[in-house]
Amino acid sequence: MTCLALWLTPDGTVTIASAGHPWPVVLRKGKAEAVEVSGPLPGLIGESAYQTVTLKLEPGDRLALYTDGVLDRLDSRKNHLAAIKRVEENMNQTSSVKIDKTADILWTKFLKQDTGKKGIEDDSTLVIL
């Protein structure tokens, strides 16, 4: 089990902490980039301190949050860094799409990518902010 915690304020500031969860990807000015935030799995270490990353989302920016099942689908060798690059590449292709259509388009792209897998083998969730 992993966890990703976000604190989003009305001015667009988002603070992110991760407990073993895949890195979110931010799309800003047509360029997608992973937000490198890491931490130990929840409950693995008794008293854990978690790194946080704070960024400001501007109008038109998007933040993709997804589970590791999406990454497993994008790279059958379970190379999550390579799979995150594929998330970035796919996010770059949605920069001109309305946000309410972005998740559907990305999901379709993820399912069509030929990684040697048939369908989805793990829980897979995708949220776009």
# chains A, B, ... in the order shown; residues from 1 in each chain; ligands from 1
>>> closest_atom_pairs(of="range 11-53 of chain A", to="range 65-71 of chain A", cutoff="9 Å", atoms="only C-alpha atoms", output="tab-separated table")
residue	atom	partner	partner_atom	distance
A:His21	CA	A:Thr67	CA	7.2
A:Pro22	CA	A:Asp68	CA	6.2
A:Trp23	CA	A:Leu65	CA	7.7
A:Pro24	CA	A:Leu65	CA	5.0
A:Val25	CA	A:Leu65	CA	6.9
>>> write_last_selection(atoms="all heavy atoms", output="tab-separated table (two decimals), in the first residue's frame")
chain	number	residue	atom	x	y	z
A	21	HIS	N	4.44	6.30	-2.99
A	21	HIS	CA	3.52	6.44	-4.12
A	21	HIS	C	4.27	6.96	-5.36
A	21	HIS	O	5.24	7.69	-5.23
A	21	HIS	CB	2.41	7.42	-3.74
A	21	HIS	CG	1.20	7.33	-4.60
A	21	HIS	ND1	0.27	6.34	-4.44
A	21	HIS	CD2	0.78	8.09	-5.63
A	21	HIS	CE1	-0.69	6.50	-5.34
A	21	HIS	NE2	-0.39	7.56	-6.07
A	22	PRO	N	3.80	6.61	-6.57
A	22	PRO	CA	4.44	7.15	-7.78
A	22	PRO	C	4.41	8.68	-7.82
A	22	PRO	O	3.47	9.30	-7.33
A	22	PRO	CB	3.58	6.59	-8.92
A	22	PRO	CG	2.94	5.37	-8.35
A	22	PRO	CD	2.73	5.67	-6.89
A	23	TRP	N	5.44	9.25	-8.40
A	23	TRP	CA	5.55	10.70	-8.51
A	23	TRP	C	4.41	11.28	-9.35
A	23	TRP	O	4.11	10.76	-10.42
A	23	TRP	CB	6.86	11.09	-9.18
A	23	TRP	CG	8.10	10.73	-8.43
A	23	TRP	CD1	8.22	10.48	-7.09
A	23	TRP	CD2	9.40	10.60	-8.98
A	23	TRP	NE1	9.52	10.20	-6.77
A	23	TRP	CE2	10.28	10.26	-7.92
A	23	TRP	CE3	9.92	10.73	-10.25
A	23	TRP	CZ2	11.63	10.06	-8.10
A	23	TRP	CZ3	11.27	10.53	-10.44
A	23	TRP	CH2	12.12	10.20	-9.37
A	24	PRO	N	3.81	12.35	-8.90
A	24	PRO	CA	2.83	13.05	-9.75
A	24	PRO	C	3.56	13.68	-10.94
A	24	PRO	O	4.78	13.84	-10.92
A	24	PRO	CB	2.28	14.15	-8.83
A	24	PRO	CG	2.75	13.83	-7.46
A	24	PRO	CD	3.96	12.98	-7.59
A	25	VAL	N	2.79	14.05	-11.95
A	25	VAL	CA	3.35	14.73	-13.11
A	25	VAL	C	2.59	16.04	-13.29
A	25	VAL	O	1.36	16.04	-13.33
A	25	VAL	CB	3.27	13.87	-14.39
A	25	VAL	CG1	3.67	14.66	-15.62
A	25	VAL	CG2	4.15	12.63	-14.24
>>> closest_residue(among="A:Lys29, A:Arg73, A:Lys85, A:Lys101", to="Asp123 in chain A", atoms="only C-alpha atoms")
A:Arg73
>>> select_by_dssp(residues="chain A", states="strand (DSSP E or B)", output="PyMOL selection string")
chain A and resi 3-8+13-20+25-28+31-34+52-56+62-66+126-128
>>> closest_residue(among="A:Thr125, A:Thr2, A:Ser95, A:Thr108", to="Arg28 in chain A", atoms="only C-alpha atoms")
A:Ser95
>>> residues_around(residues="Arg62 in chain A", least_positions_apart="3", cutoff="12 Å", atoms="only C-alpha atoms", output="number ranges by chain")
A: 12, 14, 24-34, 55-59, 65, 88, 91-92, 94-100, 102-103, 127-129
>>> residues_around(residues="Thr15 in chain A", least_positions_apart="2", cutoff="7 Å", atoms="only C-alpha atoms", output="tab-separated table (two decimals) with N, CA, C and O atoms, in the first residue's frame")
chain	number	residue	atom	x	y	z
A	6	LEU	N	-2.03	15.44	-0.44
A	6	LEU	CA	-1.95	16.77	-1.06
A	6	LEU	C	-2.69	17.77	-0.22
A	6	LEU	O	-3.76	17.45	0.33
A	7	TRP	N	-2.15	18.96	-0.14
A	7	TRP	CA	-2.82	20.10	0.48
A	7	TRP	C	-2.91	21.16	-0.61
A	7	TRP	O	-1.90	21.70	-1.04
A	8	LEU	N	-4.12	21.43	-1.08
A	8	LEU	CA	-4.34	22.37	-2.16
A	8	LEU	C	-5.08	23.58	-1.61
A	8	LEU	O	-6.14	23.45	-1.02
A	13	THR	N	-1.66	26.85	-4.64
A	13	THR	CA	-0.49	26.24	-4.02
A	13	THR	C	-0.84	24.82	-3.60
A	13	THR	O	-1.86	24.58	-2.97
A	17	ALA	N	3.10	15.19	-0.24
A	17	ALA	CA	3.95	14.24	0.48
A	17	ALA	C	3.62	12.85	-0.04
A	17	ALA	O	2.47	12.56	-0.38
A	52	THR	N	8.24	16.93	1.77
A	52	THR	CA	7.15	17.56	1.03
A	52	THR	C	7.73	18.41	-0.08
A	52	THR	O	8.87	18.88	0.00
A	53	VAL	N	6.94	18.57	-1.11
A	53	VAL	CA	7.28	19.45	-2.22
A	53	VAL	C	6.10	20.39	-2.39
A	53	VAL	O	4.94	19.95	-2.36
A	54	THR	N	6.37	21.67	-2.54
A	54	THR	CA	5.32	22.66	-2.73
A	54	THR	C	5.50	23.31	-4.09
A	54	THR	O	6.62	23.68	-4.48
A	55	LEU	N	4.42	23.41	-4.83
A	55	LEU	CA	4.45	24.10	-6.10
A	55	LEU	C	3.17	24.89	-6.26
A	55	LEU	O	2.20	24.67	-5.55
>>> select_by_dssp(residues="chain A", states="helix (DSSP H, G or I)", output="count of residues only")
34
>>> atom_distance(atom1="CA of Leu106 in chain A", atom2="CA of Asn79 in chain A")
19.4 Å
>>> closest_residue(among="A:Cys3, A:Ile105, A:Leu74, A:Leu111", to="Gly43 in chain A", atoms="only C-alpha atoms")
A:Cys3
